[in-house]
$ cat start-v4.cif   # mmCIF, C-alpha atoms and all ligand atoms
data_protein
#
loop_
_atom_site.group_PDB
_atom_site.id
_atom_site.type_symbol
_atom_site.label_atom_id
_atom_site.label_comp_id
_atom_site.auth_asym_id
_atom_site.auth_seq_id
_atom_site.Cartn_x
_atom_site.Cartn_y
_atom_site.Cartn_z
ATOM 1 C CA MET S 1 40.589 31.653 -87.908
ATOM 2 C CA ALA S 2 43.359 33.970 -86.626
ATOM 3 C CA ARG S 3 42.823 37.708 -86.851
ATOM 4 C CA GLN S 4 43.618 39.034 -90.288
ATOM 5 C CA ALA S 5 44.781 42.327 -91.722
ATOM 6 C CA TYR S 6 44.503 43.630 -95.258
ATOM 7 C CA VAL S 7 47.795 44.734 -96.828
ATOM 8 C CA ASN S 8 48.019 45.825 -100.453
ATOM 9 C CA GLY S 9 45.586 43.374 -101.995
ATOM 10 C CA ARG S 10 46.047 40.490 -99.557
ATOM 11 C CA TYR S 11 44.405 39.266 -96.385
ATOM 12 C CA VAL S 12 47.263 38.169 -94.139
ATOM 13 C CA PRO S 13 47.646 37.066 -90.501
ATOM 14 C CA HIS S 14 47.602 40.193 -88.343
ATOM 15 C CA GLY S 15 50.754 39.170 -86.473
ATOM 16 C CA SER S 16 52.918 38.965 -89.576
ATOM 17 C CA ALA S 17 51.351 41.771 -91.649
ATOM 18 C CA ALA S 18 54.048 44.154 -92.909
ATOM 19 C CA VAL S 19 54.865 46.922 -95.359
ATOM 20 C CA HIS S 20 58.264 47.722 -96.858
ATOM 21 C CA ILE S 21 60.779 49.756 -94.815
ATOM 22 C CA GLU S 22 60.864 52.400 -97.547
ATOM 23 C CA ASP S 23 57.154 53.004 -97.397
ATOM 24 C CA ARG S 24 56.744 56.789 -97.190
ATOM 25 C CA GLY S 25 54.287 56.316 -94.359
ATOM 26 C CA TYR S 26 57.101 54.796 -92.308
ATOM 27 C CA GLN S 27 59.758 57.313 -93.331
ATOM 28 C CA PHE S 28 57.788 60.574 -93.652
ATOM 29 C CA ALA S 29 54.358 59.916 -92.089
ATOM 30 C CA ASP S 30 53.242 60.585 -95.668
ATOM 31 C CA GLY S 31 49.746 59.176 -95.529
ATOM 32 C CA VAL S 32 46.225 59.442 -94.201
ATOM 33 C CA TYR S 33 43.886 57.284 -92.155
ATOM 34 C CA GLU S 34 40.354 56.746 -90.935
ATOM 35 C CA VAL S 35 38.892 55.027 -87.884
ATOM 36 C CA VAL S 36 35.373 53.686 -88.337
ATOM 37 C CA THR S 37 33.384 52.341 -85.386
ATOM 38 C CA ILE S 38 31.505 49.089 -85.787
ATOM 39 C CA ILE S 39 28.365 48.546 -83.730
ATOM 40 C CA GLY S 40 26.203 45.464 -84.182
ATOM 41 C CA GLY S 41 28.222 44.578 -87.284
ATOM 42 C CA ARG S 42 27.467 47.940 -88.947
ATOM 43 C CA MET S 43 30.086 50.511 -89.831
ATOM 44 C CA ILE S 44 28.944 53.833 -88.412
ATOM 45 C CA ASP S 45 28.968 56.787 -90.790
ATOM 46 C CA GLU S 46 30.873 54.762 -93.381
ATOM 47 C CA GLU S 47 30.165 57.146 -96.252
ATOM 48 C CA PRO S 48 31.170 60.364 -94.439
ATOM 49 C CA HIS S 49 34.389 58.606 -93.370
ATOM 50 C CA LEU S 50 35.073 57.711 -97.002
ATOM 51 C CA ASP S 51 34.245 61.291 -98.050
ATOM 52 C CA ARG S 52 36.825 62.584 -95.581
ATOM 53 C CA LEU S 53 39.373 59.971 -96.632
ATOM 54 C CA GLU S 54 39.049 61.055 -100.254
ATOM 55 C CA ARG S 55 39.356 64.701 -99.223
ATOM 56 C CA SER S 56 42.528 64.034 -97.188
ATOM 57 C CA LEU S 57 44.033 62.135 -100.140
ATOM 58 C CA ARG S 58 43.134 64.956 -102.524
ATOM 59 C CA GLU S 59 44.705 67.594 -100.285
ATOM 60 C CA LEU S 60 47.982 65.619 -100.275
ATOM 61 C CA GLU S 61 47.811 64.657 -103.958
ATOM 62 C CA ILE S 62 47.772 60.945 -103.166
ATOM 63 C CA ALA S 63 45.775 58.942 -105.691
ATOM 64 C CA MET S 64 42.766 56.974 -104.491
ATOM 65 C CA PRO S 65 44.295 53.470 -104.626
ATOM 66 C CA MET S 66 41.084 51.736 -105.680
ATOM 67 C CA SER S 67 37.522 52.697 -106.425
ATOM 68 C CA ARG S 68 35.290 53.511 -103.517
ATOM 69 C CA THR S 69 33.175 50.462 -104.316
ATOM 70 C CA VAL S 70 36.201 48.166 -104.042
ATOM 71 C CA LEU S 71 37.359 49.921 -100.877
ATOM 72 C CA ARG S 72 33.947 49.299 -99.327
ATOM 73 C CA MET S 73 34.142 45.636 -100.361
ATOM 74 C CA VAL S 74 37.556 45.221 -98.719
ATOM 75 C CA MET S 75 36.298 46.884 -95.519
ATOM 76 C CA ARG S 76 33.318 44.524 -95.395
ATOM 77 C CA GLU S 77 35.403 41.472 -96.158
ATOM 78 C CA LEU S 78 37.883 42.227 -93.370
ATOM 79 C CA VAL S 79 35.078 42.832 -90.866
ATOM 80 C CA ARG S 80 33.505 39.545 -91.994
ATOM 81 C CA ARG S 81 36.756 37.567 -91.773
ATOM 82 C CA ASN S 82 37.483 38.909 -88.294
ATOM 83 C CA ARG S 83 33.854 38.469 -87.201
ATOM 84 C CA VAL S 84 33.693 41.946 -85.728
ATOM 85 C CA GLU S 85 30.312 42.707 -84.218
ATOM 86 C CA ASP S 86 31.498 45.583 -82.055
ATOM 87 C CA GLY S 87 34.836 47.261 -82.511
ATOM 88 C CA LEU S 88 36.576 49.398 -85.069
ATOM 89 C CA LEU S 89 38.151 49.348 -88.470
ATOM 90 C CA TYR S 90 41.418 51.199 -89.033
ATOM 91 C CA MET S 91 42.312 52.121 -92.586
ATOM 92 C CA GLN S 92 45.577 53.722 -93.672
ATOM 93 C CA ILE S 93 46.676 54.854 -97.109
ATOM 94 C CA THR S 94 50.228 56.075 -97.645
ATOM 95 C CA ARG S 95 51.880 57.462 -100.760
ATOM 96 C CA GLY S 96 53.668 54.135 -101.221
ATOM 97 C CA VAL S 97 57.160 52.686 -101.387
ATOM 98 C CA SER S 98 59.904 54.764 -102.959
ATOM 99 C CA PRO S 99 63.638 55.453 -102.296
ATOM 100 C CA ARG S 100 63.872 58.078 -99.552
ATOM 101 C CA ASP S 101 63.513 61.566 -101.032
ATOM 102 C CA HIS S 102 61.428 64.343 -99.483
ATOM 103 C CA LYS S 103 59.683 65.406 -102.676
ATOM 104 C CA TYR S 104 56.671 63.437 -103.827
ATOM 105 C CA PRO S 105 57.612 60.598 -106.193
ATOM 106 C CA GLY S 106 56.003 60.359 -109.623
ATOM 107 C CA PRO S 107 52.649 58.748 -110.382
ATOM 108 C CA SER S 108 54.200 55.310 -110.997
ATOM 109 C CA VAL S 109 54.409 54.784 -107.223
ATOM 110 C CA THR S 110 51.331 52.957 -105.980
ATOM 111 C CA PRO S 111 49.785 53.995 -102.666
ATOM 112 C CA SER S 112 49.926 51.395 -99.889
ATOM 113 C CA VAL S 113 46.653 50.338 -98.303
ATOM 114 C CA VAL S 114 46.479 48.753 -94.880
ATOM 115 C CA MET S 115 43.372 47.840 -92.918
ATOM 116 C CA THR S 116 43.026 46.278 -89.506
ATOM 117 C CA THR S 117 40.119 45.653 -87.178
ATOM 118 C CA ARG S 118 39.871 45.542 -83.430
ATOM 119 C CA GLN S 119 37.150 44.031 -81.268
ATOM 120 C CA GLY S 120 35.791 46.118 -78.421
ATOM 121 C CA ASP S 121 32.495 47.316 -77.065
ATOM 122 C CA TYR S 122 33.382 51.001 -77.107
ATOM 123 C CA ALA S 123 29.791 52.022 -76.424
ATOM 124 C CA ASN S 124 29.800 50.390 -72.981
ATOM 125 C CA SER S 125 32.084 52.202 -70.641
ATOM 126 C CA ALA S 126 31.892 53.737 -67.191
ATOM 127 C CA LYS S 127 33.184 56.994 -68.647
ATOM 128 C CA PHE S 128 29.777 57.770 -70.109
ATOM 129 C CA GLU S 129 28.229 57.647 -66.617
ATOM 130 C CA ASP S 130 31.073 59.089 -64.574
ATOM 131 C CA GLY S 131 32.552 61.576 -67.022
ATOM 132 C CA VAL S 132 36.261 62.160 -67.542
ATOM 133 C CA LYS S 133 39.010 64.655 -66.864
ATOM 134 C CA VAL S 134 40.760 66.588 -69.617
ATOM 135 C CA ILE S 135 43.869 68.699 -69.314
ATOM 136 C CA THR S 136 44.726 71.682 -71.503
ATOM 137 C CA ILE S 137 48.024 71.927 -73.393
ATOM 138 C CA PRO S 138 49.435 74.253 -76.062
ATOM 139 C CA ASP S 139 48.522 73.229 -79.593
ATOM 140 C CA ILE S 140 51.929 72.640 -81.183
ATOM 141 C CA ARG S 141 50.649 71.058 -84.409
ATOM 142 C CA TRP S 142 50.911 72.310 -87.993
ATOM 143 C CA GLN S 143 48.409 74.483 -89.869
ATOM 144 C CA ARG S 144 46.539 71.752 -91.742
ATOM 145 C CA CYS S 145 44.905 69.843 -88.907
ATOM 146 C CA ASP S 146 41.876 69.383 -91.185
ATOM 147 C CA ILE S 147 43.794 66.650 -93.034
ATOM 148 C CA LYS S 148 43.585 63.304 -91.264
ATOM 149 C CA THR S 149 47.262 62.549 -91.655
ATOM 150 C CA ILE S 150 49.103 59.744 -89.866
ATOM 151 C CA SER S 151 51.627 62.375 -88.731
ATOM 152 C CA LEU S 152 50.439 62.358 -85.124
ATOM 153 C CA LEU S 153 53.468 62.946 -82.916
ATOM 154 C CA PRO S 154 52.134 66.126 -81.211
ATOM 155 C CA ASN S 155 48.892 64.245 -80.584
ATOM 156 C CA CYS S 156 50.832 61.314 -79.081
ATOM 157 C CA ILE S 157 52.794 63.698 -76.850
ATOM 158 C CA GLY S 158 49.562 65.354 -75.712
ATOM 159 C CA LYS S 159 47.784 62.074 -75.007
ATOM 160 C CA THR S 160 50.760 60.858 -73.003
ATOM 161 C CA MET S 161 50.703 64.080 -70.963
ATOM 162 C CA ALA S 162 46.994 63.467 -70.349
ATOM 163 C CA ALA S 163 47.592 59.874 -69.248
ATOM 164 C CA ARG S 164 50.356 60.989 -66.891
ATOM 165 C CA ALA S 165 47.930 63.496 -65.350
ATOM 166 C CA ASP S 166 45.308 60.724 -64.949
ATOM 167 C CA ALA S 167 43.205 62.424 -67.597
ATOM 168 C CA TYR S 168 41.323 60.900 -70.507
ATOM 169 C CA GLU S 169 42.248 63.524 -73.061
ATOM 170 C CA ALA S 170 44.247 66.715 -73.599
ATOM 171 C CA TRP S 171 42.425 69.657 -75.173
ATOM 172 C CA GLN S 172 44.850 71.675 -77.266
ATOM 173 C CA VAL S 173 44.866 75.453 -76.990
ATOM 174 C CA ASP S 174 45.858 77.962 -79.684
ATOM 175 C CA ALA S 175 47.926 81.148 -79.255
ATOM 176 C CA ASP S 176 44.744 83.147 -78.473
ATOM 177 C CA GLY S 177 43.853 80.900 -75.545
ATOM 178 C CA ASN S 178 41.048 79.162 -77.431
ATOM 179 C CA VAL S 179 40.559 75.406 -77.430
ATOM 180 C CA THR S 180 41.147 73.844 -80.844
ATOM 181 C CA GLU S 181 40.336 70.185 -80.181
ATOM 182 C CA GLY S 182 41.476 67.102 -78.283
ATOM 183 C CA THR S 183 44.440 65.002 -79.381
ATOM 184 C CA SER S 184 42.006 62.495 -80.886
ATOM 185 C CA SER S 185 38.589 64.085 -80.374
ATOM 186 C CA ASN S 186 36.626 67.305 -80.875
ATOM 187 C CA ALA S 187 35.891 69.601 -77.928
ATOM 188 C CA TRP S 188 32.436 70.887 -76.930
ATOM 189 C CA ILE S 189 30.891 72.989 -74.202
ATOM 190 C CA VAL S 190 27.362 73.949 -73.213
ATOM 191 C CA THR S 191 26.995 77.566 -72.123
ATOM 192 C CA LYS S 192 24.936 78.772 -69.153
ATOM 193 C CA ASP S 193 22.007 79.510 -71.497
ATOM 194 C CA GLY S 194 22.092 75.951 -72.876
ATOM 195 C CA THR S 195 23.824 76.644 -76.196
ATOM 196 C CA LEU S 196 26.041 73.907 -77.553
ATOM 197 C CA VAL S 197 29.373 75.321 -78.742
ATOM 198 C CA THR S 198 32.151 73.765 -80.779
ATOM 199 C CA ARG S 199 34.966 75.216 -82.836
ATOM 200 C CA PRO S 200 34.174 75.802 -86.532
ATOM 201 C CA ALA S 201 35.703 73.375 -89.019
ATOM 202 C CA THR S 202 38.641 75.381 -90.346
ATOM 203 C CA HIS S 203 42.219 74.204 -90.974
ATOM 204 C CA ALA S 204 42.746 74.389 -87.183
ATOM 205 C CA ILE S 205 40.822 71.186 -86.420
ATOM 206 C CA LEU S 206 39.860 67.851 -87.852
ATOM 207 C CA ASN S 207 36.238 68.012 -88.931
ATOM 208 C CA GLY S 208 35.138 64.994 -86.912
ATOM 209 C CA ILE S 209 32.565 62.704 -88.429
ATOM 210 C CA THR S 210 31.050 62.303 -84.963
ATOM 211 C CA ARG S 211 31.105 66.106 -84.697
ATOM 212 C CA LEU S 212 29.086 66.361 -87.915
ATOM 213 C CA SER S 213 26.570 63.751 -86.730
ATOM 214 C CA ILE S 214 26.173 65.531 -83.388
ATOM 215 C CA LEU S 215 25.597 68.878 -85.128
ATOM 216 C CA ARG S 216 22.995 67.248 -87.345
ATOM 217 C CA ILE S 217 21.288 65.665 -84.327
ATOM 218 C CA ALA S 218 21.370 68.987 -82.450
ATOM 219 C CA GLY S 219 19.583 70.568 -85.408
ATOM 220 C CA GLU S 220 16.996 67.787 -85.513
ATOM 221 C CA GLU S 221 16.400 68.043 -81.756
ATOM 222 C CA GLY S 222 16.018 71.811 -81.824
ATOM 223 C CA ILE S 223 19.096 72.244 -79.629
ATOM 224 C CA GLN S 224 20.634 75.677 -80.089
ATOM 225 C CA PHE S 225 24.239 75.477 -81.257
ATOM 226 C CA GLU S 226 27.064 77.748 -82.329
ATOM 227 C CA GLU S 227 30.245 76.930 -84.206
ATOM 228 C CA ARG S 228 32.735 79.397 -82.714
ATOM 229 C CA PRO S 229 36.019 79.304 -80.792
ATOM 230 C CA PHE S 230 35.773 79.190 -76.994
ATOM 231 C CA SER S 231 38.491 79.916 -74.458
ATOM 232 C CA VAL S 232 39.835 77.654 -71.732
ATOM 233 C CA GLU S 233 38.310 80.023 -69.168
ATOM 234 C CA GLU S 234 34.903 79.819 -70.827
ATOM 235 C CA ALA S 235 35.166 76.024 -70.881
ATOM 236 C CA LYS S 236 36.054 75.899 -67.196
ATOM 237 C CA SER S 237 33.006 77.920 -66.238
ATOM 238 C CA ALA S 238 30.687 76.202 -68.718
ATOM 239 C CA ARG S 239 27.562 74.381 -67.660
ATOM 240 C CA GLU S 240 28.671 71.178 -69.412
ATOM 241 C CA ALA S 241 31.515 69.895 -71.545
ATOM 242 C CA PHE S 242 32.186 66.805 -73.615
ATOM 243 C CA THR S 243 34.585 65.419 -76.172
ATOM 244 C CA SER S 244 33.600 63.487 -79.321
ATOM 245 C CA SER S 245 35.146 60.938 -81.650
ATOM 246 C CA ALA S 246 34.389 57.674 -83.400
ATOM 247 C CA THR S 247 35.506 55.726 -80.329
ATOM 248 C CA SER S 248 34.512 58.107 -77.526
ATOM 249 C CA PHE S 249 31.128 59.097 -79.036
ATOM 250 C CA ALA S 250 30.113 62.001 -76.758
ATOM 251 C CA THR S 251 32.154 61.510 -73.588
ATOM 252 C CA PRO S 252 31.141 63.846 -70.734
ATOM 253 C CA VAL S 253 33.964 65.999 -69.377
ATOM 254 C CA VAL S 254 33.595 66.765 -65.667
ATOM 255 C CA THR S 255 37.048 68.177 -64.878
ATOM 256 C CA ILE S 256 39.229 70.537 -66.928
ATOM 257 C CA ASP S 257 42.725 70.816 -65.475
ATOM 258 C CA ASP S 258 41.917 71.164 -61.793
ATOM 259 C CA ARG S 259 38.491 72.795 -62.206
ATOM 260 C CA THR S 260 35.314 70.820 -61.679
ATOM 261 C CA ILE S 261 32.678 71.549 -64.321
ATOM 262 C CA ALA S 262 29.344 72.537 -62.765
ATOM 263 C CA ASN S 263 28.480 69.894 -60.123
ATOM 264 C CA GLY S 264 31.083 67.416 -61.356
ATOM 265 C CA LYS S 265 28.508 65.148 -63.003
ATOM 266 C CA PRO S 266 27.845 64.607 -66.725
ATOM 267 C CA GLY S 267 25.477 67.301 -67.964
ATOM 268 C CA SER S 268 21.898 66.599 -69.026
ATOM 269 C CA LEU S 269 22.315 67.988 -72.560
ATOM 270 C CA THR S 270 25.494 65.927 -73.015
ATOM 271 C CA LEU S 271 23.640 62.787 -71.939
ATOM 272 C CA ARG S 272 20.741 63.596 -74.256
ATOM 273 C CA ILE S 273 23.137 64.039 -77.179
ATOM 274 C CA PHE S 274 24.934 60.822 -76.222
ATOM 275 C CA GLU S 275 21.637 58.880 -76.142
ATOM 276 C CA CYS S 276 20.467 60.328 -79.479
ATOM 277 C CA TYR S 277 23.826 59.577 -81.060
ATOM 278 C CA MET S 278 23.842 55.997 -79.739
ATOM 279 C CA ASP S 279 20.289 55.485 -81.045
ATOM 280 C CA TYR S 280 21.546 56.679 -84.418
ATOM 281 C CA CYS S 281 24.527 54.254 -84.228
ATOM 282 C CA ARG S 282 22.223 51.373 -83.317
ATOM 283 C CA GLY S 283 19.981 52.108 -86.270
ATOM 284 C CA LEU S 284 17.138 53.287 -84.036
ATOM 285 C CA ARG S 285 17.155 56.779 -85.428
ATOM 286 C CA GLU S 286 17.232 57.770 -89.079
ATOM 287 C CA PRO S 287 18.985 60.995 -90.053
ATOM 288 C CA LYS S 288 16.443 63.555 -91.218
ATOM 289 C CA SER S 289 19.016 65.041 -93.563
ATOM 290 C CA GLY S 290 22.541 64.186 -94.613
ATOM 291 C CA GLY S 291 22.288 63.009 -98.208
ATOM 292 C CA GLN S 292 25.230 62.966 -100.589
ATOM 293 C CA LYS S 293 25.017 66.679 -101.416
ATOM 294 C CA GLU S 294 24.669 67.766 -97.823
ATOM 295 C CA ARG S 295 27.648 65.601 -96.815
ATOM 296 C CA ALA S 296 29.803 67.031 -99.583
ATOM 297 C CA ARG S 297 28.914 70.569 -98.495
ATOM 298 C CA ARG S 298 29.794 69.837 -94.874
ATOM 299 C CA ALA S 299 33.016 67.986 -95.722
ATOM 300 C CA GLY S 300 34.140 71.081 -97.659
HETATM 301 N N1 LIG A 401 40.632 60.350 -83.987
HETATM 302 N N2 LIG A 401 40.250 65.397 -83.821
HETATM 303 C C1 LIG A 401 41.326 64.609 -83.927
HETATM 304 C C2 LIG A 401 42.687 65.232 -83.854
HETATM 305 C C3 LIG A 401 41.158 63.216 -84.119
HETATM 306 O O1 LIG A 401 42.243 62.439 -84.261
HETATM 307 C C4 LIG A 401 39.858 62.674 -84.166
HETATM 308 C C5 LIG A 401 39.620 61.203 -84.392
HETATM 309 C C6 LIG A 401 38.766 63.544 -84.035
HETATM 310 C C7 LIG A 401 37.357 63.051 -84.105
HETATM 311 O O2 LIG A 401 37.029 62.618 -85.402
HETATM 312 P P1 LIG A 401 35.921 61.495 -85.653
HETATM 313 O O3 LIG A 401 34.688 61.956 -84.973
HETATM 314 O O4 LIG A 401 35.790 61.434 -87.109
HETATM 315 O O5 LIG A 401 36.459 60.224 -85.017
HETATM 316 C C8 LIG A 401 39.003 64.898 -83.873
HETATM 317 C C9 LIG A 401 40.537 58.924 -84.225
HETATM 318 C C10 LIG A 401 39.372 58.287 -83.549
HETATM 319 C C11 LIG A 401 41.863 58.302 -83.880
HETATM 320 O O6 LIG A 401 42.869 58.900 -84.225
HETATM 321 O O7 LIG A 401 41.899 57.202 -83.313
#
$ encode --input "start-v4.cif" --output "C-alpha cells"
Amino acid sequence: MARQAYVNGRYVPHGSAAVHIEDRGYQFADGVYEVVTIIGGRMIDEEPHLDRLERSLRELEIAMPMSRTVLRMVMRELVRRNRVEDGLLYMQITRGVSPRDHKYPGPSVTPSVVMTTRQGDYANSAKFEDGVKVITIPDIRWQRCDIKTISLLPNCIGKTMAARADAYEAWQVDADGNVTEGTSSNAWIVTKDGTLVTRPATHAILNGITRLSILRIAGEEGIQFEERPFSVEEAKSAREAFTSSATSFATPVVTIDDRTIANGKPGSLTLRIFECYMDYCRGLREPKSGGQKERARRAG
C-alpha cells in the first residue's frame, strides 16, 4: 500500500494529500505541531507530546479538533497503515480555512488536522559516536517560543546558516549573550564540576519533551543539574555539550563555532544520558516518576 497521510478525517495517498489554499496555516502560519518519534513501533512520550499540543492550542485559542482518545486512535491508525516500525509522526493542527483576515475567525471555523509519518532509524547515526558542530546565531524569534507554532521561518534561516557552515545545528543567543536553544532542539552543557545545565522553561524556549525526559532521568541517576541560562563563552569552555530533540535524542556537541569542546570527543556524561534515554525509548527502563499530575506540573 502506498504511503498515506491523514487529512481532516480521511486517510489519503501522501503524494496527493492537500489542504485548501485559504487554510490559515498556509496564509498566517496560524497553527501548531508535534513531532513524535517512533521506535520499535512505539510512540515515544506520546502523552507528554499530547499535553504540549493541547497547551499550544490553548495558548492560541484554537479548539482541540477531536477528543484526545480519537486523536490517539488516528495516530495509531496512520502508523499502522504506513507500517512504521522506526521513524516519526508529524501532526499539525491549524485554525482552519477562512477568508483571509488577520483576526481570528469565529468558532464556526473547524481546525484542520494533518498527520504524516516518515520511516527512518533516527537512533542509529554516526553523530552519536562522533559528535556534531553547532554554530551560534542571534535569536531573532518572537517572545512566545514556548508555543510549538508552525511559524518557523527564523528557525529555518538558522538551520540553513548551520548547514552552510557544515554544522548540525545553530544555537540561538539572546541579547544578554545567553544561549536560548537550537533551531529545532534544546541546548545543554556540562560544567567542569559535572553539573548538567540547561535553560529554564520560560517563554524564551520550547519546553522539549526530550528535555523533560532527560531532566527526569538525570534526577533518577543522581546526576546534578541546574536549569539556568548559560552564555556562549561558558558553553565554549564547558566540559561537555549536547543538543536534544525527538529526532536527535541527546546528540553530543564537540565544536561550537570554531572552538573544540574539551578533547573534541563526545563527553562521558552525555553518552551516559544518551544510553539511559535510549533504554527508556526502547522500553528497557521505566520512568520512576512522571504520572499525569507530574507531567501537568512540568508542562506548565
Ligand atoms: N523540534 N526547541 C525547538 C525550537 C524545537 O523545534 C524542538 C523540536 C525542540 C525539542 O523538542 P522535543 O524534545 O519535544 O522534540 C526544542 C522538532 C523535532 C521539529 O521541529 O522537527
$ resolve_selection --input "start-v4.cif" --expression "the PyMOL selection byres (((chain S and resi 132-140) around 9) and not hetatm)" --output "MDAnalysis selection string"
chainID S and resid 127:128 130:131 141:142 154:155 158 161:162 165:175 177 179:182 232 242 251:258 260 266
$ residues_near_ligand --input "start-v4.cif" --ligand "ligand LIG 401 (chain A)" --cutoff "8 Å" --atoms "all atoms listed in the file" --output "PDB file with C-alpha atoms, keeping the file's coordinate frame"
ATOM      1  CA  GLU S  34      40.354  56.746 -90.935  1.00  0.00           C
ATOM      2  CA  VAL S  35      38.892  55.027 -87.884  1.00  0.00           C
ATOM      3  CA  VAL S  36      35.373  53.686 -88.337  1.00  0.00           C
ATOM      4  CA  HIS S  49      34.389  58.606 -93.370  1.00  0.00           C
ATOM      5  CA  CYS S 145      44.905  69.843 -88.907  1.00  0.00           C
ATOM      6  CA  LYS S 148      43.585  63.304 -91.264  1.00  0.00           C
ATOM      7  CA  ASN S 155      48.892  64.245 -80.584  1.00  0.00           C
ATOM      8  CA  GLU S 181      40.336  70.185 -80.181  1.00  0.00           C
ATOM      9  CA  GLY S 182      41.476  67.102 -78.283  1.00  0.00           C
ATOM     10  CA  THR S 183      44.440  65.002 -79.381  1.00  0.00           C
ATOM     11  CA  SER S 184      42.006  62.495 -80.886  1.00  0.00           C
ATOM     12  CA  SER S 185      38.589  64.085 -80.374  1.00  0.00           C
ATOM     13  CA  ASN S 186      36.626  67.305 -80.875  1.00  0.00           C
ATOM     14  CA  ILE S 205      40.822  71.186 -86.420  1.00  0.00           C
ATOM     15  CA  LEU S 206      39.860  67.851 -87.852  1.00  0.00           C
ATOM     16  CA  ASN S 207      36.238  68.012 -88.931  1.00  0.00           C
ATOM     17  CA  GLY S 208      35.138  64.994 -86.912  1.00  0.00           C
ATOM     18  CA  ILE S 209      32.565  62.704 -88.429  1.00  0.00           C
ATOM     19  CA  THR S 210      31.050  62.303 -84.963  1.00  0.00           C
ATOM     20  CA  ARG S 211      31.105  66.106 -84.697  1.00  0.00           C
ATOM     21  CA  LEU S 212      29.086  66.361 -87.915  1.00  0.00           C
ATOM     22  CA  SER S 244      33.600  63.487 -79.321  1.00  0.00           C
ATOM     23  CA  SER S 245      35.146  60.938 -81.650  1.00  0.00           C
ATOM     24  CA  ALA S 246      34.389  57.674 -83.400  1.00  0.00           C
ATOM     25  CA  THR S 247      35.506  55.726 -80.329  1.00  0.00           C
ATOM     26  CA  SER S 248      34.512  58.107 -77.526  1.00  0.00           C
ATOM     27  CA  PHE S 249      31.128  59.097 -79.036  1.00  0.00           C
TER      28      PHE S 249
END
$ residues_around --input "start-v4.cif" --residues "Glu54 (chain S)" --least-positions-apart "6" --cutoff "10 Å" --atoms "only C-alpha atoms" --output "mmCIF file with C-alpha atoms, keeping the file's coordinate frame"
data_model
loop_
_atom_site.group_PDB
_atom_site.id
_atom_site.type_symbol
_atom_site.label_atom_id
_atom_site.label_comp_id
_atom_site.auth_asym_id
_atom_site.auth_seq_id
_atom_site.Cartn_x
_atom_site.Cartn_y
_atom_site.Cartn_z
ATOM 1 C CA VAL S 32 46.225 59.442 -94.201
ATOM 2 C CA PRO S 48 31.170 60.364 -94.439
ATOM 3 C CA ILE S 62 47.772 60.945 -103.166
ATOM 4 C CA ALA S 63 45.775 58.942 -105.691
ATOM 5 C CA MET S 64 42.766 56.974 -104.491
ATOM 6 C CA ARG S 68 35.290 53.511 -103.517
#
$ residues_around --input "start-v4.cif" --residues "Arg3 (chain S)" --least-positions-apart "2" --cutoff "12 Å" --atoms "all atoms listed in the file" --output "JSON list (two decimals) with C-alpha atoms, in the frame of the given file"
[["chain", "number", "residue", "atom", "x", "y", "z"],
["S", 1, "MET", "CA", 40.59, 31.65, -87.91],
["S", 5, "ALA", "CA", 44.78, 42.33, -91.72],
["S", 6, "TYR", "CA", 44.50, 43.63, -95.26],
["S", 11, "TYR", "CA", 44.40, 39.27, -96.38],
["S", 12, "VAL", "CA", 47.26, 38.17, -94.14],
["S", 13, "PRO", "CA", 47.65, 37.07, -90.50],
["S", 14, "HIS", "CA", 47.60, 40.19, -88.34],
["S", 15, "GLY", "CA", 50.75, 39.17, -86.47],
["S", 16, "SER", "CA", 52.92, 38.97, -89.58],
["S", 17, "ALA", "CA", 51.35, 41.77, -91.65],
["S", 78, "LEU", "CA", 37.88, 42.23, -93.37],
["S", 79, "VAL", "CA", 35.08, 42.83, -90.87],
["S", 80, "ARG", "CA", 33.51, 39.54, -91.99],
["S", 81, "ARG", "CA", 36.76, 37.57, -91.77],
["S", 82, "ASN", "CA", 37.48, 38.91, -88.29],
["S", 83, "ARG", "CA", 33.85, 38.47, -87.20],
["S", 84, "VAL", "CA", 33.69, 41.95, -85.73],
["S", 115, "MET", "CA", 43.37, 47.84, -92.92],
["S", 116, "THR", "CA", 43.03, 46.28, -89.51],
["S", 117, "THR", "CA", 40.12, 45.65, -87.18],
["S", 118, "ARG", "CA", 39.87, 45.54, -83.43],
["S", 119, "GLN", "CA", 37.15, 44.03, -81.27]]
$ closest_atom_pairs --input "start-v4.cif" --of "region 7-107 of chain S" --to "region 279-287 of chain S" --cutoff "8 Å" --atoms "only C-alpha atoms" --output "Markdown table"
| residue | atom | partner | partner_atom | distance |
| --- | --- | --- | --- | --- |
| S:Ile39 | CA | S:Arg282 | CA | 6.8 |
| S:Gly40 | CA | S:Arg282 | CA | 7.2 |
| S:Ile44 | CA | S:Cys281 | CA | 6.1 |
$ closest_residue --input "start-v4.cif" --among "S:Arg100, S:Arg144, S:Arg216, S:His20" --to "His203 (chain S)" --atoms "all atoms listed in the file"
S:Arg144
$ atom_distance --input "start-v4.cif" --atom1 "CA of Arg259 (chain S)" --atom2 "CA of Phe230 (chain S)"
16.3 Å
$ atom_distance --input "start-v4.cif" --atom1 "CA of Gly267 (chain S)" --atom2 "CA of Asp86 (chain S)"
26.6 Å
$ resolve_selection --input "start-v4.cif" --expression "the PyMOL selection byres (((chain S and resi 28) around 10) and not hetatm)" --output "ChimeraX atom specification"
/S:22-27,29-31,94-95,100-102,150-151
$ write_last_selection --input "start-v4.cif" --atoms "C-alpha atoms" --output "compact mmCIF listing (two decimals), in the coordinates of the input"
# COMPACT_ATOMS: atom_id res chain seq x y z
CA GLU S 22 60.86 52.40 -97.55
CA ASP S 23 57.15 53.00 -97.40
CA ARG S 24 56.74 56.79 -97.19
CA GLY S 25 54.29 56.32 -94.36
CA TYR S 26 57.10 54.80 -92.31
CA GLN S 27 59.76 57.31 -93.33
CA ALA S 29 54.36 59.92 -92.09
CA ASP S 30 53.24 60.58 -95.67
CA GLY S 31 49.75 59.18 -95.53
CA THR S 94 50.23 56.08 -97.64
CA ARG S 95 51.88 57.46 -100.76
CA ARG S 100 63.87 58.08 -99.55
CA ASP S 101 63.51 61.57 -101.03
CA HIS S 102 61.43 64.34 -99.48
CA ILE S 150 49.10 59.74 -89.87
CA SER S 151 51.63 62.38 -88.73
$ closest_residue --input "start-v4.cif" --among "S:Thr195, S:Gln4, S:Thr160, S:Thr202" --to "Asp146 (chain S)" --atoms "only C-alpha atoms"
S:Thr202
